[in-house]
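Below: input29.cif (mmCIF, C-alpha atoms)
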data_upload
#
loop_
_atom_site.label_atom_id
_atom_site.label_comp_id
_atom_site.auth_asym_id
_atom_site.auth_seq_id
_atom_site.Cartn_x
_atom_site.Cartn_y
_atom_site.Cartn_z
CA MET A 1 50.39 162.20 60.54
CA ARG A 2 50.73 162.50 56.78
CA ILE A 3 53.40 159.76 56.65
CA THR A 4 51.26 157.48 58.80
CA LEU A 5 48.33 157.99 56.42
CA LEU A 6 50.53 157.17 53.44
CA ILE A 7 51.83 154.01 55.12
CA VAL A 8 48.32 152.87 56.04
CA THR A 9 47.11 153.60 52.50
CA TRP A 10 50.03 151.63 51.04
CA MET A 11 49.30 148.72 53.35
CA LEU A 12 45.66 148.67 52.26
CA VAL A 13 46.51 148.50 48.56
CA SER A 14 49.84 146.67 48.71
CA PRO A 15 50.41 143.75 46.34
CA ALA A 16 50.35 141.40 49.35
CA ALA A 17 46.91 142.67 50.39
CA VAL A 18 45.59 142.22 46.84
CA ALA A 19 47.07 138.69 46.73
CA ASP A 20 45.37 137.85 50.05
CA ASP A 21 42.07 139.18 48.70
CA ALA A 22 42.50 137.13 45.52
CA GLN A 23 43.00 133.98 47.59
CA ASP A 24 39.94 134.87 49.70
CA VAL A 25 37.82 135.31 46.56
CA ARG A 26 39.17 132.05 45.09
CA CYS A 27 38.20 130.18 48.26
CA ARG A 28 34.78 131.86 48.38
CA GLU A 29 34.15 130.89 44.75
CA ILE A 30 35.09 127.27 45.45
CA ALA A 31 32.88 127.22 48.56
CA PHE A 32 30.06 128.72 46.48
CA SER A 33 30.36 125.84 44.00
CA LEU A 34 30.58 123.31 46.83
CA SER A 35 27.29 124.60 48.23
CA VAL A 36 25.60 123.54 44.99
CA GLU A 37 27.59 120.31 44.69
CA LYS A 38 26.39 119.37 48.19
CA LYS A 39 22.86 120.66 47.44
CA ASP A 40 23.00 123.05 50.42
CA VAL A 41 20.56 125.77 49.40
CA THR A 42 21.01 127.75 52.64
CA SER A 43 24.77 127.93 52.15
CA PHE A 44 24.28 128.83 48.47
CA ALA A 45 22.04 131.78 49.34
CA SER A 46 24.57 133.07 51.88
CA PHE A 47 27.06 133.86 49.10
CA ILE A 48 24.64 136.12 47.20
CA ASP A 49 24.59 139.88 47.77
CA ASP A 50 21.18 141.42 48.52
CA ASP A 51 21.52 143.51 45.33
CA ALA A 52 22.88 140.67 43.15
CA ARG A 53 22.05 140.16 39.47
CA PHE A 54 22.47 136.71 37.92
CA VAL A 55 22.11 136.82 34.16
CA GLY A 56 21.08 133.82 32.11
CA SER A 57 18.12 133.57 29.75
CA SER A 58 16.56 136.08 32.16
CA VAL A 59 17.81 138.19 35.07
CA SER A 60 17.39 137.02 38.67
CA ARG A 61 17.71 139.64 41.41
CA GLY A 62 18.70 139.07 45.03
CA PRO A 63 19.21 135.86 47.01
CA VAL A 64 15.57 134.69 46.99
CA ASP A 65 15.08 135.13 43.23
CA VAL A 66 18.50 133.66 42.39
CA THR A 67 17.98 130.67 44.68
CA GLU A 68 14.60 130.02 43.07
CA ALA A 69 16.13 130.23 39.59
CA TRP A 70 18.83 127.75 40.63
CA SER A 71 16.39 125.37 42.39
CA VAL A 72 16.82 122.74 39.66
CA PHE A 73 20.39 122.16 40.91
CA PHE A 74 19.12 121.40 44.43
CA ALA A 75 16.57 118.81 43.32
CA ASP A 76 17.57 115.20 44.02
CA ASP A 77 17.20 114.27 40.36
CA GLY A 78 18.44 117.63 39.02
CA PRO A 79 21.56 118.25 36.99
CA LEU A 80 24.93 118.49 38.71
CA ILE A 81 27.07 121.55 38.22
CA LYS A 82 30.62 122.25 39.33
CA TRP A 83 32.85 125.23 38.65
CA ARG A 84 36.28 126.44 39.67
CA PRO A 85 38.01 129.80 39.24
CA GLN A 86 40.85 129.97 36.76
CA ILE A 87 41.34 133.74 36.86
CA ILE A 88 40.89 136.05 39.85
CA GLU A 89 41.39 139.80 39.58
CA VAL A 90 40.94 142.18 42.52
CA LEU A 91 40.81 145.96 42.23
CA LYS A 92 43.48 147.86 44.15
CA ASP A 93 41.00 149.14 46.73
CA GLY A 94 40.26 145.49 47.63
CA ASN A 95 36.48 145.81 47.44
CA LEU A 96 35.60 144.37 44.02
CA ALA A 97 36.85 141.25 42.27
CA LEU A 98 36.29 139.17 39.15
CA SER A 99 36.36 135.38 39.20
CA ARG A 100 36.28 133.48 35.91
CA GLY A 101 36.68 129.85 35.02
CA PRO A 102 35.19 126.66 33.64
CA TYR A 103 32.01 124.92 34.65
CA ARG A 104 30.75 121.44 33.89
CA MET A 105 27.09 120.47 34.05
CA THR A 106 26.10 116.82 34.03
CA ALA A 107 22.51 115.71 33.51
CA ARG A 108 20.46 112.75 32.35
CA ASP A 109 18.50 112.97 29.13
CA GLU A 110 15.03 111.48 28.61
CA GLU A 111 16.53 108.05 27.82
CA GLY A 112 18.61 108.10 31.01
CA ASN A 113 21.91 108.76 29.26
CA THR A 114 24.40 111.07 30.95
CA THR A 115 25.06 114.29 29.08
CA GLU A 116 27.88 116.71 29.84
CA HIS A 117 27.93 120.42 29.03
CA TRP A 118 30.88 122.77 29.49
CA GLY A 119 31.12 126.53 29.66
CA THR A 120 32.70 129.54 31.33
CA PHE A 121 31.33 131.44 34.32
CA ASN A 122 32.03 135.04 35.32
CA SER A 123 31.33 136.23 38.85
CA ILE A 124 31.81 139.72 40.24
CA TRP A 125 32.36 139.75 44.00
CA ARG A 126 32.02 142.73 46.34
CA LYS A 127 33.31 142.94 49.89
CA ASP A 128 30.45 143.83 52.23
CA ALA A 129 30.55 146.00 55.36
CA GLU A 130 31.51 142.99 57.49
CA GLY A 131 34.44 142.16 55.17
CA SER A 132 32.78 139.12 53.56
CA TRP A 133 32.88 138.62 49.79
CA LYS A 134 29.43 138.31 48.16
CA VAL A 135 28.49 137.73 44.51
CA VAL A 136 26.91 140.83 42.95
CA PHE A 137 26.93 139.81 39.27
CA ASP A 138 27.07 136.34 37.74
CA ALA A 139 26.77 135.06 34.19
CA GLY A 140 27.96 132.11 32.19
CA ASN A 141 28.42 131.08 28.59
CA ALA A 142 27.94 127.56 27.31
CA SER A 143 30.61 126.21 24.98
CA ALA A 144 30.12 123.90 22.03
CA ASP A 145 33.71 122.69 22.41
CA LEU A 146 35.39 120.75 25.17
CA PRO A 147 37.89 122.86 27.08
CA SER A 148 41.54 121.95 27.00
CA GLU A 149 42.69 119.08 29.18
CA ASP A 150 44.42 121.38 31.69
CA VAL A 151 41.17 123.34 32.13
CA GLN A 152 39.19 120.11 32.59
CA VAL A 153 41.69 118.97 35.25
CA LEU A 154 41.10 122.23 37.15
CA LEU A 155 37.67 120.94 38.18
CA ASP A 156 39.15 117.80 39.74
CA GLN A 157 42.08 119.31 41.61
CA GLU A 158 42.17 119.41 45.39
CA ASP A 159 41.87 122.92 46.72
CA ASP A 160 43.85 124.45 49.58
CA CYS A 161 40.91 126.35 51.03
CA ARG A 162 40.06 125.22 54.52
#
So, in terms of structure tokens, how does the structure I just supplied come out?
Amino acid sequence: MRITLLIVTWMLVSPAAVADDAQDVRCREIAFSLSVEKKDVTSFASFIDDDARFVGSSVSRGPVDVTEAWSVFFADDGPLIKWRPQIIEVLKDGNLALSRGPYRMTARDEEGNTTEHWGTFNSIWRKDAEGSWKVVFDAGNASADLPSEDVQVLLDQEDDCR
């Protein structure tokens, strides 16, 4: 019995299990971005944990509040935002993960000129009771500088999440 418990415990926290979780979080993060890129507010809300906190100039709490705060991105004439994970870290127990990477926001100014803003996002994901990853904390930092070319390319790469 004791050996079986040790084997099961090892399987749950094995490097392969953590790698699988990291890939799951990476794909969830990409799908989360795609929900905004496609202006699918229902899909967007489905990624947000009931107890989530999104931190910007203020704090939004829960799916309804967060979705309302992000409503500008779902407007037909609103800015476009796209992000992709560059770093994924999953805790050994497989229930909490960090996703971090670049974002690009494109908008039109008052004269109709396209403006582009870059930054870095940080998302904390938690696995819920059904085994689905949900965002519990999210924040981003704008950058005054353009990211390196390899980071910019990250946003245009094809993903292998299907």
Exercise. At what distance in Å, to one decimal, does CA of Ala139 in chain A lie from CA of Ser58 in chain A?
Worked result: 10.5 Å
Problem set entry | Interatomic distance, CA of Ser71 in chain A to CA of Ser132 in chain A (Å, one decimal) |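 Straight-line distance from CA of Ser71 in chain A to CA of Ser132 in chain A works out to 24.1 Å.
Interatomic distance, CA of Pro85 in chain A against CA of Asp109 in chain A: 27.7 Å.
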Problem set entry | Close residues, Ile87 in chain A itself excluded, 9 Å, all atoms listed in the file, min 3 positions apart in chain, as a PyMOL selection string | chain A and resi 26+98-101
Exercise. Skipping near chain neighbours, those fewer than 2 positions away, what residues fall within 10 Å of Asp159 in chain A using only C-alpha atoms, listed as a list in words?
Worked result: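 Within the cut-off, the hits are Arg26, Cys27, Ile30, Arg84, Leu154, Leu155, Asp156, Gln157, Cys161 and Arg162 of chain A.
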Write the residues you've just listed into a file as a PDB file, in the frame of the given file, and include C-alpha atoms for each of them.
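Now in out.pdb:
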ATOM      1  CA  ARG A  26      39.170 132.050  45.090  1.00  0.00           C
ATOM      2  CA  CYS A  27      38.200 130.180  48.260  1.00  0.00           C
ATOM      3  CA  ILE A  30      35.090 127.270  45.450  1.00  0.00           C
ATOM      4  CA  ARG A  84      36.280 126.440  39.670  1.00  0.00           C
ATOM      5  CA  LEU A 154      41.100 122.230  37.150  1.00  0.00           C
ATOM      6  CA  LEU A 155      37.670 120.940  38.180  1.00  0.00           C
ATOM      7  CA  ASP A 156      39.150 117.800  39.740  1.00  0.00           C
ATOM      8  CA  GLN A 157      42.080 119.310  41.610  1.00  0.00           C
ATOM      9  CA  CYS A 161      40.910 126.350  51.030  1.00  0.00           C
ATOM     10  CA  ARG A 162      40.060 125.220  54.520  1.00  0.00           C
TER      11      ARG A 162
END
Problem set entry | Resolved residues for the PyMOL selection byres ((chain A and resi 31) around 12) as number ranges by chain | A: 24-30, 32-38, 40, 43-47, 82-85, 133-134, 159-162
Within 9 Å of range 51-56 of chain A, counting all atoms listed in the file, which residues show up once you throw out same-chain ones fewer than 4 positions away? Write them as a PDB file with C-alpha atoms, keeping the file's coordinate frame, please.
ATOM      1  CA  SER A  60      17.390 137.020  38.670  1.00  0.00           C
ATOM      2  CA  ARG A  61      17.710 139.640  41.410  1.00  0.00           C
ATOM      3  CA  GLY A  62      18.700 139.070  45.030  1.00  0.00           C
ATOM      4  CA  PRO A  63      19.210 135.860  47.010  1.00  0.00           C
ATOM      5  CA  VAL A  66      18.500 133.660  42.390  1.00  0.00           C
ATOM      6  CA  SER A 123      31.330 136.230  38.850  1.00  0.00           C
ATOM      7  CA  LYS A 134      29.430 138.310  48.160  1.00  0.00           C
ATOM      8  CA  VAL A 135      28.490 137.730  44.510  1.00  0.00           C
ATOM      9  CA  VAL A 136      26.910 140.830  42.950  1.00  0.00           C
ATOM     10  CA  PHE A 137      26.930 139.810  39.270  1.00  0.00           C
ATOM     11  CA  ASP A 138      27.070 136.340  37.740  1.00  0.00           C
ATOM     12  CA  ALA A 139      26.770 135.060  34.190  1.00  0.00           C
ATOM     13  CA  GLY A 140      27.960 132.110  32.190  1.00  0.00           C
ATOM     14  CA  ASN A 141      28.420 131.080  28.590  1.00  0.00           C
TER      15      ASN A 141
END
For this session: Give as number ranges by chain each residue that has an atom at most 12 Å from (28.4, 120.7, 30.3) in the file, counting all atoms listed in the file.
Result: A: 79-83, 102-108, 114-121, 140-147, 152
Could you turn the residues from that selection into a file that holds C-alpha atoms, as a compact mmCIF listing (two decimals), in the coordinates of the input?
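Full text of again-v6.txt as output:
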# COMPACT_ATOMS: atom_id res chain seq x y z
CA PRO A 79 21.56 118.25 36.99
CA LEU A 80 24.93 118.49 38.71
CA ILE A 81 27.07 121.55 38.22
CA LYS A 82 30.62 122.25 39.33
CA TRP A 83 32.85 125.23 38.65
CA PRO A 102 35.19 126.66 33.64
CA TYR A 103 32.01 124.92 34.65
CA ARG A 104 30.75 121.44 33.89
CA MET A 105 27.09 120.47 34.05
CA THR A 106 26.10 116.82 34.03
CA ALA A 107 22.51 115.71 33.51
CA ARG A 108 20.46 112.75 32.35
CA THR A 114 24.40 111.07 30.95
CA THR A 115 25.06 114.29 29.08
CA GLU A 116 27.88 116.71 29.84
CA HIS A 117 27.93 120.42 29.03
CA TRP A 118 30.88 122.77 29.49
CA GLY A 119 31.12 126.53 29.66
CA THR A 120 32.70 129.54 31.33
CA PHE A 121 31.33 131.44 34.32
CA GLY A 140 27.96 132.11 32.19
CA ASN A 141 28.42 131.08 28.59
CA ALA A 142 27.94 127.56 27.31
CA SER A 143 30.61 126.21 24.98
CA ALA A 144 30.12 123.90 22.03
CA ASP A 145 33.71 122.69 22.41
CA LEU A 146 35.39 120.75 25.17
CA PRO A 147 37.89 122.86 27.08
CA GLN A 152 39.19 120.11 32.59
Problem set entry | Counting only C-alpha atoms, the residue of A:Asp50, A:Val59, A:Ala75, A:Asp65 that sits nearest Arg126 in chain A | A:Asp50
Please rebuild range 83-106 of chain A with N, CA and C atoms and return the result as a CSV table (one decimal), in the frame of the given file.
chain,number,residue,atom,x,y,z
A,83,TRP,N,32.0,124.2,39.3
A,83,TRP,CA,32.8,125.2,38.6
A,83,TRP,C,34.0,125.5,39.5
A,84,ARG,N,35.1,126.0,38.9
A,84,ARG,CA,36.3,126.4,39.7
A,84,ARG,C,36.9,127.7,39.0
A,85,PRO,N,37.4,128.6,39.8
A,85,PRO,CA,38.0,129.8,39.2
A,85,PRO,C,39.4,129.5,38.6
A,86,GLN,N,39.6,130.1,37.5
A,86,GLN,CA,40.8,130.0,36.8
A,86,GLN,C,41.6,131.3,36.8
A,87,ILE,N,40.8,132.4,36.8
A,87,ILE,CA,41.3,133.7,36.9
A,87,ILE,C,40.6,134.5,38.0
A,88,ILE,N,41.4,135.2,38.8
A,88,ILE,CA,40.9,136.0,39.8
A,88,ILE,C,41.6,137.4,39.7
A,89,GLU,N,40.8,138.5,39.6
A,89,GLU,CA,41.4,139.8,39.6
A,89,GLU,C,40.7,140.6,40.6
A,90,VAL,N,41.5,141.3,41.5
A,90,VAL,CA,40.9,142.2,42.5
A,90,VAL,C,41.4,143.6,42.3
A,91,LEU,N,40.4,144.6,42.4
A,91,LEU,CA,40.8,146.0,42.2
A,91,LEU,C,41.7,146.4,43.4
A,92,LYS,N,42.5,147.4,43.1
A,92,LYS,CA,43.5,147.9,44.2
A,92,LYS,C,42.8,148.2,45.5
A,93,ASP,N,41.6,148.8,45.5
A,93,ASP,CA,41.0,149.1,46.7
A,93,ASP,C,40.5,147.9,47.5
A,94,GLY,N,40.6,146.7,46.9
A,94,GLY,CA,40.3,145.5,47.6
A,94,GLY,C,38.8,145.3,47.9
A,95,ASN,N,37.9,145.9,47.2
A,95,ASN,CA,36.5,145.8,47.4
A,95,ASN,C,35.7,145.2,46.3
A,96,LEU,N,36.3,144.9,45.2
A,96,LEU,CA,35.6,144.4,44.0
A,96,LEU,C,36.5,143.4,43.3
A,97,ALA,N,36.0,142.3,42.9
A,97,ALA,CA,36.8,141.2,42.3
A,97,ALA,C,36.1,140.5,41.2
A,98,LEU,N,36.8,140.0,40.2
A,98,LEU,CA,36.3,139.2,39.2
A,98,LEU,C,36.8,137.8,39.3
A,99,SER,N,36.0,136.8,39.2
A,99,SER,CA,36.4,135.4,39.2
A,99,SER,C,35.8,134.8,37.9
A,100,ARG,N,36.7,134.1,37.2
A,100,ARG,CA,36.3,133.5,35.9
A,100,ARG,C,36.9,132.1,35.8
A,101,GLY,N,36.1,131.2,35.2
A,101,GLY,CA,36.7,129.8,35.0
A,101,GLY,C,35.7,128.9,34.4
A,102,PRO,N,36.1,127.6,34.3
A,102,PRO,CA,35.2,126.7,33.6
A,102,PRO,C,34.1,126.1,34.6
A,103,TYR,N,33.0,125.7,33.9
A,103,TYR,CA,32.0,124.9,34.6
A,103,TYR,C,31.7,123.7,33.8
A,104,ARG,N,31.2,122.7,34.5
A,104,ARG,CA,30.8,121.4,33.9
A,104,ARG,C,29.4,121.1,34.5
A,105,MET,N,28.4,120.9,33.6
A,105,MET,CA,27.1,120.5,34.0
A,105,MET,C,26.8,119.1,33.5
A,106,THR,N,26.4,118.2,34.4
A,106,THR,CA,26.1,116.8,34.0
A,106,THR,C,24.6,116.6,34.3
